file my_file_13.pdb (PDB, C-alpha atoms, pLDDT in the B column)
MODEL        1
ATOM      1  CA  MET A   1      79.344 103.076 110.327  1.00 50.00           C
ATOM      2  CA  PRO A   2      78.576  99.437 111.107  1.00 52.00           C
ATOM      3  CA  SER A   3      81.490  97.341 112.183  1.00 59.00           C
ATOM      4  CA  ARG A   4      80.384  94.280 110.236  1.00 63.00           C
ATOM      5  CA  ALA A   5      78.279  93.872 107.151  1.00 63.00           C
ATOM      6  CA  SER A   6      77.076  90.439 108.228  1.00 63.00           C
ATOM      7  CA  THR A   7      75.657  91.593 111.567  1.00 66.00           C
ATOM      8  CA  PRO A   8      71.858  91.510 111.363  1.00 68.00           C
ATOM      9  CA  LYS A   9      70.078  94.780 112.003  1.00 79.00           C
ATOM     10  CA  ARG A  10      67.867  94.673 115.086  1.00 83.00           C
ATOM     11  CA  PRO A  11      64.682  96.747 115.337  1.00 87.00           C
ATOM     12  CA  ARG A  12      64.769  99.775 117.650  1.00 89.00           C
ATOM     13  CA  ASP A  13      61.417  98.930 119.243  1.00 93.00           C
ATOM     14  CA  PRO A  14      62.101  96.912 122.446  1.00 93.00           C
ATOM     15  CA  ASN A  15      59.228  94.486 121.834  1.00 94.00           C
ATOM     16  CA  LEU A  16      60.296  93.731 118.261  1.00 92.00           C
ATOM     17  CA  ARG A  17      63.918  93.472 119.369  1.00 93.00           C
ATOM     18  CA  ALA A  18      62.979  90.928 122.057  1.00 93.00           C
ATOM     19  CA  ARG A  19      61.018  88.922 119.490  1.00 91.00           C
ATOM     20  CA  SER A  20      64.006  88.983 117.134  1.00 89.00           C
ATOM     21  CA  VAL A  21      66.327  87.732 119.884  1.00 90.00           C
ATOM     22  CA  VAL A  22      63.930  84.912 120.819  1.00 91.00           C
ATOM     23  CA  GLU A  23      63.601  83.895 117.165  1.00 89.00           C
ATOM     24  CA  ASP A  24      67.393  83.732 116.875  1.00 86.00           C
ATOM     25  CA  LEU A  25      67.616  81.607 120.020  1.00 89.00           C
ATOM     26  CA  ILE A  26      64.984  79.072 118.987  1.00 88.00           C
ATOM     27  CA  GLY A  27      66.144  78.993 115.363  1.00 86.00           C
ATOM     28  CA  GLU A  28      62.783  79.717 113.793  1.00 88.00           C
ATOM     29  CA  LYS A  29      60.227  82.477 113.544  1.00 87.00           C
ATOM     30  CA  MET A  30      57.325  82.699 115.978  1.00 85.00           C
ATOM     31  CA  ASP A  31      54.910  81.363 113.343  1.00 89.00           C
ATOM     32  CA  GLY A  32      57.035  78.196 112.997  1.00 86.00           C
ATOM     33  CA  SER A  33      58.705  78.996 109.668  1.00 88.00           C
ATOM     34  CA  PRO A  34      62.497  78.571 109.535  1.00 87.00           C
ATOM     35  CA  LEU A  35      64.868  81.515 109.655  1.00 83.00           C
ATOM     36  CA  PRO A  36      66.627  82.455 106.394  1.00 82.00           C
ATOM     37  CA  VAL A  37      69.780  80.411 105.801  1.00 81.00           C
ATOM     38  CA  ASP A  38      73.119  81.984 104.882  1.00 80.00           C
ATOM     39  CA  THR A  39      73.715  80.881 101.276  1.00 87.00           C
ATOM     40  CA  ARG A  40      77.257  82.208 100.945  1.00 88.00           C
ATOM     41  CA  ASN A  41      80.108  79.831 100.218  1.00 90.00           C
ATOM     42  CA  PRO A  42      81.932  79.281 103.569  1.00 89.00           C
ATOM     43  CA  ALA A  43      85.300  78.956 101.830  1.00 90.00           C
ATOM     44  CA  ALA A  44      84.818  82.297 100.066  1.00 88.00           C
ATOM     45  CA  VAL A  45      83.773  83.967 103.332  1.00 86.00           C
ATOM     46  CA  ALA A  46      86.881  82.639 105.105  1.00 87.00           C
ATOM     47  CA  LEU A  47      89.128  83.780 102.255  1.00 85.00           C
ATOM     48  CA  SER A  48      87.554  87.233 102.317  1.00 83.00           C
ATOM     49  CA  LYS A  49      88.142  87.570 106.054  1.00 81.00           C
ATOM     50  CA  LEU A  50      91.776  86.545 105.583  1.00 80.00           C
ATOM     51  CA  GLY A  51      92.406  89.240 103.011  1.00 76.00           C
ATOM     52  CA  ALA A  52      90.509  91.896 104.926  1.00 76.00           C
ATOM     53  CA  SER A  53      92.465  91.320 108.121  1.00 76.00           C
ATOM     54  CA  LYS A  54      95.840  91.950 106.524  1.00 79.00           C
ATOM     55  CA  GLY A  55      94.862  94.246 103.641  1.00 77.00           C
ATOM     56  CA  GLY A  56      95.186  97.619 105.340  1.00 78.00           C
ATOM     57  CA  LYS A  57      98.409  96.737 107.128  1.00 80.00           C
ATOM     58  CA  ALA A  58     100.039  95.441 103.940  1.00 83.00           C
ATOM     59  CA  ARG A  59      98.952  98.528 101.995  1.00 84.00           C
ATOM     60  CA  ALA A  60     100.273 100.866 104.702  1.00 84.00           C
ATOM     61  CA  ALA A  61     103.620  99.070 104.738  1.00 88.00           C
ATOM     62  CA  ASN A  62     104.029  99.599 100.975  1.00 90.00           C
ATOM     63  CA  LEU A  63     103.193 103.326 100.995  1.00 90.00           C
ATOM     64  CA  SER A  64     105.960 105.872 100.779  1.00 93.00           C
ATOM     65  CA  ASN A  65     106.011 108.747 103.262  1.00 93.00           C
ATOM     66  CA  ALA A  66     105.046 111.237 100.545  1.00 95.00           C
ATOM     67  CA  LYS A  67     102.074 109.152  99.390  1.00 94.00           C
ATOM     68  CA  ARG A  68     100.919 108.575 102.977  1.00 92.00           C
ATOM     69  CA  LYS A  69     101.132 112.333 103.617  1.00 94.00           C
ATOM     70  CA  SER A  70      99.103 113.175 100.494  1.00 95.00           C
ATOM     71  CA  ILE A  71      96.415 110.639 101.485  1.00 93.00           C
ATOM     72  CA  ALA A  72      96.235 112.156 104.971  1.00 93.00           C
ATOM     73  CA  LYS A  73      95.971 115.694 103.578  1.00 95.00           C
ATOM     74  CA  LYS A  74      93.181 114.649 101.211  1.00 95.00           C
ATOM     75  CA  ALA A  75      91.296 112.948 104.069  1.00 93.00           C
ATOM     76  CA  ALA A  76      91.663 115.982 106.349  1.00 94.00           C
ATOM     77  CA  LYS A  77      90.508 118.311 103.586  1.00 94.00           C
ATOM     78  CA  ALA A  78      87.419 116.157 102.948  1.00 93.00           C
ATOM     79  CA  ARG A  79      86.682 115.859 106.665  1.00 91.00           C
ATOM     80  CA  TRP A  80      86.830 119.620 107.269  1.00 91.00           C
ATOM     81  CA  ALA A  81      85.096 120.580 104.013  1.00 90.00           C
ATOM     82  CA  SER A  82      81.705 119.445 105.347  1.00 73.00           C
ATOM     83  CA  ARG A  83      81.900 121.709 108.434  1.00 70.00           C
TER      84      ARG A  83
ENDMDL
END

call {"tool": "encode", "arguments": {"input": "my_file_13.pdb", "output": "structure tokens"}}
result
Amino acid sequence: MPSRASTPKRPRDPNLRARSVVEDLIGEKMDGSPLPVDTRNPAAVALSKLGASKGGKARAANLSNAKRKSIAKKAAKARWASR
């Protein structure tokens, strides 16, 4: 699972990967056209990161022991069901 949704996917081919890295460094594609610009609202992105960083911790703090145990059992059952 990727660690970040905003991380660009790099090609597996070493030559294409090198080209992609060079394009990122120079800020444009090899043919001279500009790279795509991030059109997301910076304020919304910052707010999303704020909520994501404390969301899991806040949810875990509010769970009762019984609810936490039932979630763990359900996760273990799903994990071992595919084997």

call {"tool": "axis_aligned_box", "arguments": {"input": "my_file_13.pdb", "around": "region 38-54 of chain A", "padding_each_side": "4 Å", "output": "AutoDock Vina command-line options"}}
result
--center_x 84.5 --center_y 85.5 --center_z 104.1 --size_x 30.7 --size_y 21.0 --size_z 16.1

call {"tool": "closest_residue", "arguments": {"input": "my_file_13.pdb", "among": "A:Leu35, A:Leu47, A:Lys74, A:Trp80", "to": "Ser20 (chain A)", "atoms": "all atoms listed in the file"}}
result
A:Leu35

call {"tool": "atom_distance", "arguments": {"input": "my_file_13.pdb", "atom1": "CA of Lys73 (chain A)", "atom2": "CA of Lys57 (chain A)"}}
result
19.4 Å

call {"tool": "atom_distance", "arguments": {"input": "my_file_13.pdb", "atom1": "CA of Glu23 (chain A)", "atom2": "CA of Arg40 (chain A)"}}
result
21.3 Å

call {"tool": "atom_distance", "arguments": {"input": "my_file_13.pdb", "atom1": "CA of Lys29 (chain A)", "atom2": "CA of Arg17 (chain A)"}}
result
13.0 Å

call {"tool": "residues_around", "arguments": {"input": "my_file_13.pdb", "residues": "Arg10 (chain A)", "least_positions_apart": "4", "cutoff": "10 Å", "atoms": "only C-alpha atoms", "output": "ChimeraX atom specification"}}
result
/A:14,16-21

call {"tool": "write_last_selection", "arguments": {"input": "my_file_13.pdb", "atoms": "C-alpha atoms", "output": "short mmCIF file (atom, residue, chain, number, x, y, z; two decimals), in the frame of the given file"}}
result
data_model
loop_
_atom_site.label_atom_id
_atom_site.label_comp_id
_atom_site.auth_asym_id
_atom_site.auth_seq_id
_atom_site.Cartn_x
_atom_site.Cartn_y
_atom_site.Cartn_z
CA PRO A 14 62.10 96.91 122.45
CA LEU A 16 60.30 93.73 118.26
CA ARG A 17 63.92 93.47 119.37
CA ALA A 18 62.98 90.93 122.06
CA ARG A 19 61.02 88.92 119.49
CA SER A 20 64.01 88.98 117.13
CA VAL A 21 66.33 87.73 119.88
#

call {"tool": "closest_residue", "arguments": {"input": "my_file_13.pdb", "among": "A:Val37, A:Ala78, A:Ala60, A:Ala52", "to": "Asp24 (chain A)", "atoms": "all atoms listed in the file"}}
result
A:Val37
